[in-house]
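The structure file structure_15.tsv is reproduced below (TSV, C-alpha atoms and all ligand atoms).
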```tsv
chain	number	residue	atom	x	y	z
A	1	MET	CA	-166.15	80.17	-165.02
A	2	ILE	CA	-166.04	84.00	-165.07
A	3	ASN	CA	-169.49	84.12	-163.49
A	4	TYR	CA	-168.31	81.77	-160.75
A	5	PHE	CA	-165.43	84.09	-159.73
A	6	LYS	CA	-167.69	87.12	-160.14
A	7	GLU	CA	-170.18	85.67	-157.65
A	8	ILE	CA	-167.37	84.97	-155.17
A	9	LEU	CA	-166.13	88.56	-155.48
A	10	VAL	CA	-169.62	90.05	-155.09
A	11	GLY	CA	-170.27	87.84	-152.05
A	12	PHE	CA	-166.94	88.82	-150.50
A	13	TRP	CA	-167.62	92.50	-151.18
A	14	SER	CA	-171.05	92.36	-149.54
A	15	LEU	CA	-169.47	90.59	-146.54
A	16	LEU	CA	-166.90	93.40	-146.22
A	17	ALA	CA	-169.61	96.08	-146.58
A	18	GLY	CA	-171.67	94.42	-143.82
A	19	MET	CA	-168.65	94.09	-141.53
A	20	ALA	CA	-167.75	97.76	-142.13
A	21	VAL	CA	-171.19	98.81	-140.84
A	22	THR	CA	-170.81	96.51	-137.82
A	23	ILE	CA	-167.31	97.83	-137.01
A	24	ARG	CA	-168.42	101.45	-137.50
A	25	TYR	CA	-171.24	101.12	-134.92
A	26	PHE	CA	-169.26	98.84	-132.58
A	27	THR	CA	-167.47	101.77	-130.94
A	28	LYS	CA	-170.46	104.19	-130.90
A	29	PRO	CA	-172.59	104.65	-127.75
A	30	ILE	CA	-175.57	102.29	-127.51
A	31	VAL	CA	-178.87	103.98	-128.40
A	32	THR	CA	-181.14	101.01	-127.78
A	33	VAL	CA	-183.15	101.44	-124.57
A	34	GLN	CA	-182.85	98.35	-122.42
A	35	TYR	CA	-186.58	98.27	-121.66
A	36	PRO	CA	-187.95	97.38	-119.10
A	37	ARG	CA	-184.74	97.67	-117.05
A	38	GLU	CA	-184.18	101.18	-118.38
A	39	LYS	CA	-186.73	104.00	-118.67
A	40	ILE	CA	-186.50	106.87	-121.10
A	41	LYS	CA	-187.21	110.48	-120.16
A	42	MET	CA	-190.40	111.58	-121.86
A	43	SER	CA	-190.74	114.79	-123.83
A	44	PRO	CA	-192.41	117.67	-121.90
A	45	ALA	CA	-195.18	117.51	-124.52
A	46	TYR	CA	-196.05	113.93	-123.58
A	47	ARG	CA	-199.49	113.44	-122.04
A	48	GLY	CA	-199.73	110.66	-119.51
A	49	TYR	CA	-202.71	110.44	-117.17
A	50	PRO	CA	-203.67	113.66	-115.35
A	51	ARG	CA	-202.28	113.65	-111.81
A	52	LEU	CA	-201.97	115.98	-108.82
A	53	ILE	CA	-199.11	118.46	-108.89
A	54	ILE	CA	-196.82	118.55	-105.86
A	55	ASP	CA	-196.75	122.23	-104.91
A	56	PRO	CA	-193.09	123.28	-104.47
A	57	GLU	CA	-194.00	125.55	-101.53
A	58	THR	CA	-196.30	123.33	-99.49
A	59	GLN	CA	-194.86	120.03	-100.81
A	60	THR	CA	-198.37	118.63	-101.08
A	61	HIS	CA	-201.28	118.83	-103.55
A	62	ARG	CA	-203.45	121.90	-104.18
A	63	CYS	CA	-206.79	120.13	-104.63
A	64	ILE	CA	-209.64	121.87	-102.78
A	65	ALA	CA	-212.19	119.25	-103.84
A	66	CYS	CA	-214.31	121.72	-105.82
A	67	GLU	CA	-215.23	118.86	-108.20
A	68	MET	CA	-215.03	121.04	-111.30
A	69	CYS	CA	-212.74	118.50	-112.99
A	70	ALA	CA	-215.20	115.71	-112.19
A	71	ARG	CA	-218.11	117.70	-113.60
A	72	ILE	CA	-216.37	118.69	-116.84
A	73	CYS	CA	-214.87	115.27	-117.67
A	74	PRO	CA	-216.77	114.10	-120.79
A	75	SER	CA	-216.34	110.46	-119.79
A	76	GLN	CA	-217.20	110.95	-116.10
A	77	LEU	CA	-213.96	109.33	-114.97
A	78	ILE	CA	-213.12	111.40	-111.90
A	79	THR	CA	-214.44	110.98	-108.36
A	80	VAL	CA	-213.46	113.62	-105.84
A	81	GLU	CA	-214.48	113.98	-102.22
A	82	GLY	CA	-213.29	116.50	-99.70
A	83	ILE	CA	-214.13	118.32	-96.55
A	84	LYS	CA	-213.15	121.43	-94.63
A	85	PHE	CA	-211.14	120.39	-91.60
A	86	PRO	CA	-211.39	122.51	-88.41
A	87	GLY	CA	-209.00	125.44	-88.56
A	88	GLU	CA	-208.57	125.24	-92.35
A	89	LYS	CA	-209.88	127.89	-94.72
A	90	GLN	CA	-210.68	125.64	-97.67
A	91	LYS	CA	-211.85	122.14	-98.33
A	92	ARG	CA	-209.20	119.48	-98.80
A	93	ALA	CA	-209.48	116.37	-100.97
A	94	THR	CA	-209.99	113.18	-99.01
A	95	LYS	CA	-210.47	111.04	-102.12
A	96	TYR	CA	-209.34	111.54	-105.72
A	97	VAL	CA	-209.87	108.57	-108.01
A	98	HIS	CA	-209.39	108.59	-111.77
A	99	GLU	CA	-210.63	105.70	-113.91
A	100	HIS	CA	-208.06	106.02	-116.63
A	101	TYR	CA	-209.25	103.36	-119.10
A	102	TYR	CA	-211.55	105.66	-121.08
A	103	CYS	CA	-209.48	108.84	-120.65
A	104	SER	CA	-209.07	110.61	-123.97
A	105	LEU	CA	-206.44	112.95	-122.48
A	106	CYS	CA	-208.59	115.84	-123.69
A	107	GLY	CA	-207.14	118.08	-120.97
A	108	LEU	CA	-210.44	119.64	-119.86
A	109	CYS	CA	-209.83	118.62	-116.23
A	110	THR	CA	-206.39	120.24	-116.13
A	111	GLU	CA	-207.67	123.43	-117.76
A	112	VAL	CA	-210.75	123.95	-115.61
A	113	CYS	CA	-209.00	123.48	-112.25
A	114	PRO	CA	-209.15	126.79	-110.32
A	115	THR	CA	-206.02	126.00	-108.30
A	116	SER	CA	-203.98	124.54	-111.18
A	117	ALA	CA	-203.74	121.33	-109.21
A	118	LEU	CA	-203.45	118.96	-112.17
A	119	GLU	CA	-200.74	118.13	-114.69
A	120	TYR	CA	-200.05	115.33	-117.14
A	121	SER	CA	-197.84	112.61	-115.77
A	122	ASP	CA	-194.82	111.32	-117.69
A	123	GLU	CA	-195.82	107.72	-116.96
A	124	TYR	CA	-196.07	105.57	-120.09
A	125	ARG	CA	-196.12	102.08	-118.63
A	126	LEU	CA	-199.87	101.79	-118.29
A	127	ALA	CA	-200.52	98.21	-119.30
A	128	GLY	CA	-202.36	96.01	-116.80
A	129	TYR	CA	-204.03	92.66	-116.53
A	130	HIS	CA	-207.28	93.88	-115.00
A	131	ARG	CA	-209.60	96.81	-115.52
A	132	GLU	CA	-208.95	97.82	-111.89
A	133	ASP	CA	-205.27	98.35	-112.78
A	134	ALA	CA	-206.37	101.49	-114.63
A	135	VAL	CA	-208.25	102.87	-111.63
A	136	LEU	CA	-205.80	105.33	-110.14
A	137	ASP	CA	-206.01	106.60	-106.58
A	138	HIS	CA	-204.19	109.89	-106.89
A	139	LEU	CA	-203.77	110.50	-103.18
A	140	VAL	CA	-201.91	107.18	-102.93
A	141	ILE	CA	-199.88	107.97	-106.07
A	142	LEU	CA	-199.03	111.34	-104.53
A	143	GLN	CA	-197.74	109.59	-101.42
A	144	LEU	CA	-195.55	107.29	-103.53
A	145	ARG	CA	-194.12	110.25	-105.45
A	146	GLN	CA	-193.49	112.18	-102.24
A	147	THR	CA	-191.68	109.18	-100.75
A	148	ALA	CA	-189.59	108.77	-103.91
A	149	ALA	CA	-188.68	112.48	-103.81
A	150	GLY	CA	-187.86	112.39	-100.07
A	151	LEU	CA	-190.70	114.81	-99.21
A	152	PRO	CA	-193.08	114.67	-96.24
A	153	VAL	CA	-195.95	112.33	-97.08
A	154	THR	CA	-199.47	113.79	-97.14
A	155	ALA	CA	-201.66	111.67	-94.89
A	156	ILE	CA	-204.98	110.45	-96.26
A	157	PRO	CA	-207.64	111.23	-93.62
A	158	SER	CA	-209.30	108.21	-92.03
A	159	ALA	CA	-213.09	107.68	-92.06
A	160	GLU	CA	-213.22	108.75	-88.38
A	161	GLU	CA	-211.31	111.97	-89.08
A	162	ILE	CA	-213.63	112.76	-91.99
A	163	ALA	CA	-216.73	112.05	-89.88
A	164	ALA	CA	-215.42	114.28	-87.06
A	165	ALA	CA	-214.66	117.09	-89.53
A	166	ALA	CA	-218.15	116.74	-91.07
A	167	ALA	CA	-219.76	116.93	-87.62
A	168	ALA	CA	-217.70	120.00	-86.73
A	169	GLU	CA	-218.64	121.65	-90.05
A	170	ALA	CA	-222.34	120.90	-89.53
A	171	ALA	CA	-222.20	122.29	-85.98
A	172	ALA	CA	-220.45	125.45	-87.19
A	173	LYS	CA	-223.10	125.92	-89.93
A	174	GLU	CA	-225.92	125.47	-87.43
A	175	ALA	CA	-224.39	127.96	-85.02
A	176	LYS	CA	-223.97	130.43	-87.88
A	177	ALA	CA	-227.61	129.97	-88.97
A	178	LYS	CA	-228.82	130.48	-85.40
A	179	ALA	CA	-226.74	133.62	-85.04
A	180	ALA	CA	-228.14	134.97	-88.32
A	181	ALA	CA	-231.72	134.20	-87.24
A	182	ALA	CA	-231.15	135.87	-83.87
A	183	ALA	CA	-229.77	138.95	-85.58
A	184	LYS	CA	-232.93	139.19	-87.74
A	185	LYS	CA	-235.33	138.86	-84.75
A	186	PRO	CA	-236.80	142.22	-83.65
A	187	GLN	CA	-235.39	143.27	-80.26
A	188	ALA	CA	-237.74	143.99	-77.31
A	189	GLY	CA	-239.16	147.52	-77.63
A	190	GLU	CA	-238.39	147.60	-81.38
A	191	GLU	CA	-241.38	148.28	-83.67
A	192	VAL	CA	-242.36	145.50	-86.08
A	193	LYS	CA	-243.03	146.99	-89.51
A	194	GLU	CA	-246.24	145.77	-91.21
B	1	LIG	S1	-208.20	114.32	-119.67
B	1	LIG	FE1	-210.32	114.55	-120.36
B	1	LIG	S2	-211.15	112.46	-120.41
B	1	LIG	FE2	-209.25	112.38	-119.20
B	1	LIG	S3	-209.92	112.64	-117.09
B	1	LIG	FE3	-209.42	114.67	-117.85
B	1	LIG	S4	-211.37	115.52	-118.62
B	1	LIG	FE4	-211.63	113.28	-118.38
B	2	LIG	S1	-210.78	121.05	-110.33
B	2	LIG	FE1	-208.78	121.07	-109.27
B	2	LIG	S2	-209.26	121.74	-107.18
B	2	LIG	FE2	-211.19	121.13	-108.13
B	2	LIG	S3	-211.46	118.97	-107.53
B	2	LIG	FE3	-210.42	118.98	-109.53
B	2	LIG	S4	-208.23	118.93	-109.06
B	2	LIG	FE4	-209.29	119.49	-107.18
```
Take the structure in this file and express it as structure tokens.
Ligand code: SF4
Ligand code: SF4
Amino acid sequence: MINYFKEILVGFWSLLAGMAVTIRYFTKPIVTVQYPREKIKMSPAYRGYPRLIIDPETQTHRCIACEMCARICPSQLITVEGIKFPGEKQKRATKYVHEHYYCSLCGLCTEVCPTSALEYSDEYRLAGYHREDAVLDHLVILQLRQTAAGLPVTAIPSAEEIAAAAAAEAAAKEAKAKAAAAAKKPQAGEEVKE
């Protein structure tokens, strides 16, 4: 009989203890993230996939298509193409694709970049249904980020624009080579040294 009442008391006490915990947390702010409707802010130390930085001055990327990141990547995941457009001093990336599925986030690409054009993204929702979902076109991603931030969108040059720039570059190189050859030619009346 004593055990019977003892069990009732213990059960009642554990019920009260449980309710006390519930009541204590009932009025506290919710800490559970309502994923996927809510996104958390990642720590600055988080390493998502490497992506192009938006330069605060020019509001576009700083990639000059030198391909150093592509060459140093141990898994050969980066494809970069670029060309020097008429009137511009440096090459500009016309394609920047990163196949993220084998990326070890080693950071070599971000470190080697001579223009500090790369950073780690804070994106953590990287799951996909197909392998192609992990193939990231960074010029397109840049456009999406610029749109989201209300910045002018960097146009991706069309195949015709690239071909025209390549032809102009080839013509400029040829003209330069001809000028150099003409400068080396001995002028009339000048002695040719044996
Ligand atoms: S972080 Fe490393 S593995 Fe990933 S793309 Fe850059 S160099 Fe390649
Ligand atoms: S190393 Fe930097 S500048 Fe060169 S291609 Fe890569 S991102 Fe562009």
(message) What's around Ser116 of chain A at 12 Å? Count all atoms listed in the file, leave out sequence neighbours fewer than 4 positions away in its own chain, and write the answer as a count of residues only.
(response) 19
Counting only C-alpha atoms and all ligand atoms, give me one row per residue of chain A with an atom at most 8 Å from an atom of ligand LIG 1 (chain B), showing the shortest contact pair and its distance in Å to one decimal, sorted by chain then residue number, as a Markdown table.
```
| residue | atom | partner | partner_atom | distance |
| --- | --- | --- | --- | --- |
| A:Tyr49 | CA | B:LIG1 | FE2 | 7.1 |
| A:Pro50 | CA | B:LIG1 | S1 | 6.3 |
| A:Cys69 | CA | B:LIG1 | S4 | 6.5 |
| A:Ala70 | CA | B:LIG1 | S4 | 7.5 |
| A:Ile72 | CA | B:LIG1 | S4 | 6.2 |
| A:Cys73 | CA | B:LIG1 | S4 | 3.6 |
| A:Pro74 | CA | B:LIG1 | FE4 | 5.7 |
| A:Ser75 | CA | B:LIG1 | S2 | 5.6 |
| A:Gln76 | CA | B:LIG1 | FE4 | 6.5 |
| A:Leu77 | CA | B:LIG1 | S3 | 5.6 |
| A:Ile78 | CA | B:LIG1 | S3 | 6.2 |
| A:His98 | CA | B:LIG1 | S3 | 6.7 |
| A:Glu99 | CA | B:LIG1 | S3 | 7.7 |
| A:His100 | CA | B:LIG1 | S3 | 6.9 |
| A:Tyr102 | CA | B:LIG1 | S2 | 6.8 |
| A:Cys103 | CA | B:LIG1 | FE2 | 3.8 |
| A:Ser104 | CA | B:LIG1 | S2 | 4.5 |
| A:Leu105 | CA | B:LIG1 | S1 | 3.6 |
| A:Cys106 | CA | B:LIG1 | FE1 | 4.0 |
| A:Gly107 | CA | B:LIG1 | S1 | 4.1 |
| A:Leu108 | CA | B:LIG1 | S4 | 4.4 |
| A:Cys109 | CA | B:LIG1 | S4 | 4.2 |
| A:Thr110 | CA | B:LIG1 | FE3 | 6.6 |
```
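For the set A:Ala20, A:Ile141, A:Ala117, A:Ala148, the residue with the smallest atom-to-atom gap to ligand LIG 2 (chain B) is A:Ala117, counting only C-alpha atoms and all ligand atoms.
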(request) Using only C-alpha atoms, determine which residues lie at most 9 Å from segment 39-46 of chain A, disregarding the query and same-chain residues fewer than 2 positions distant; provide the list as an MDAnalysis selection string. (result) chainID A and resid 33:37 48 120:124
Residue selection dump (C-alpha atoms) as a short mmCIF file (atom, residue, chain, number, x, y, z; two decimals), in the coordinates of the input:
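Saved result, again_23.cif, follows:
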```
data_model
loop_
_atom_site.label_atom_id
_atom_site.label_comp_id
_atom_site.auth_asym_id
_atom_site.auth_seq_id
_atom_site.Cartn_x
_atom_site.Cartn_y
_atom_site.Cartn_z
CA VAL A 33 -183.15 101.44 -124.57
CA GLN A 34 -182.85 98.35 -122.42
CA TYR A 35 -186.58 98.27 -121.66
CA PRO A 36 -187.95 97.38 -119.10
CA ARG A 37 -184.74 97.67 -117.05
CA GLY A 48 -199.73 110.66 -119.51
CA TYR A 120 -200.05 115.33 -117.14
CA SER A 121 -197.84 112.61 -115.77
CA ASP A 122 -194.82 111.32 -117.69
CA GLU A 123 -195.82 107.72 -116.96
CA TYR A 124 -196.07 105.57 -120.09
#
```
Please, which residues in segment 120-155 of chain A fall within 9 Å of segment 90-97 of chain A when counting all atoms listed in the file, and what is the closest atom pair and distance in Å to one decimal for each, ordered by chain then residue number, as a Markdown table?
```
| residue | atom | partner | partner_atom | distance |
| --- | --- | --- | --- | --- |
| A:Val135 | CA | A:Val97 | CA | 6.9 |
| A:Leu136 | CA | A:Val97 | CA | 5.6 |
| A:Asp137 | CA | A:Val97 | CA | 4.6 |
| A:His138 | CA | A:Tyr96 | CA | 5.5 |
| A:Leu139 | CA | A:Tyr96 | CA | 6.2 |
```
(request) Could you jot down the atom CA of Ala177 of chain A to atom CA of Glu67 of chain A separation for me, Å, one decimal place? (result) 25.4 Å
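Here atom CA of Lys89 of chain A is placed at a distance of 18.2 Å from atom CA of Ile156 of chain A.
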(request) Rank A:Ile83, A:Pro29, A:Glu7, A:Cys113 by their smallest atom-to-atom distance to ligand LIG 2 (chain B), using only C-alpha atoms and all ligand atoms, and report the top residue only. (result)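 Nearest to ligand LIG 2 (chain B): A:Cys113.
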(message) So, with all atoms listed in the file as the atoms that count, which of A:Gly11, A:Gly87, A:Pro157, A:Gly82 lies closest to ligand LIG 2 (chain B)?
(response) A:Gly82
Would you compute, for all listed atoms of segment 92-105 of chain A, the axis-aligned bounding box grown by 4 Å on each side, and then report its centre and edge lengths in Å rounded to one decimal, as JSON?
```
{"center_x": -209.0, "center_y": 111.4, "center_z": -111.4, "size_x": 13.1, "size_y": 24.1, "size_z": 33.2}
```
(request) Rounded to one decimal place, report the atom FE2 of ligand LIG 2 (chain B)-atom CA of Pro114 of chain A distance in Å. (result)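 Atom-to-atom, atom FE2 of ligand LIG 2 (chain B) and atom CA of Pro114 of chain A are spaced 6.4 Å apart.
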(message) For a quick check of understanding, using all atoms listed in the file, which of A:Ala127, A:Ala149, A:Leu118, A:Ala165 has the smallest distance to ligand LIG 2 (chain B)?
(response)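 Of A:Ala127, A:Ala149, A:Leu118, A:Ala165, the one nearest ligand LIG 2 (chain B) is A:Leu118, counting all atoms listed in the file.
Restricting the calculation to all atoms listed in the file, the smallest distance between ligand LIG 2 (chain B) and any of A:Thr22, A:Tyr4, A:Glu119, A:Glu57 is found for A:Glu119.
Counting all atoms listed in the file and comparing A:Ala65, A:Val10, A:Phe26, A:Gly18, the residue that lies closest to ligand LIG 2 (chain B) is A:Ala65.
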(message) Quick one: residues within 12 Å of Ala167 of chain A, only C-alpha atoms, excluding same-chain residues fewer than 5 positions away - as a count of residues only?
(response) 10
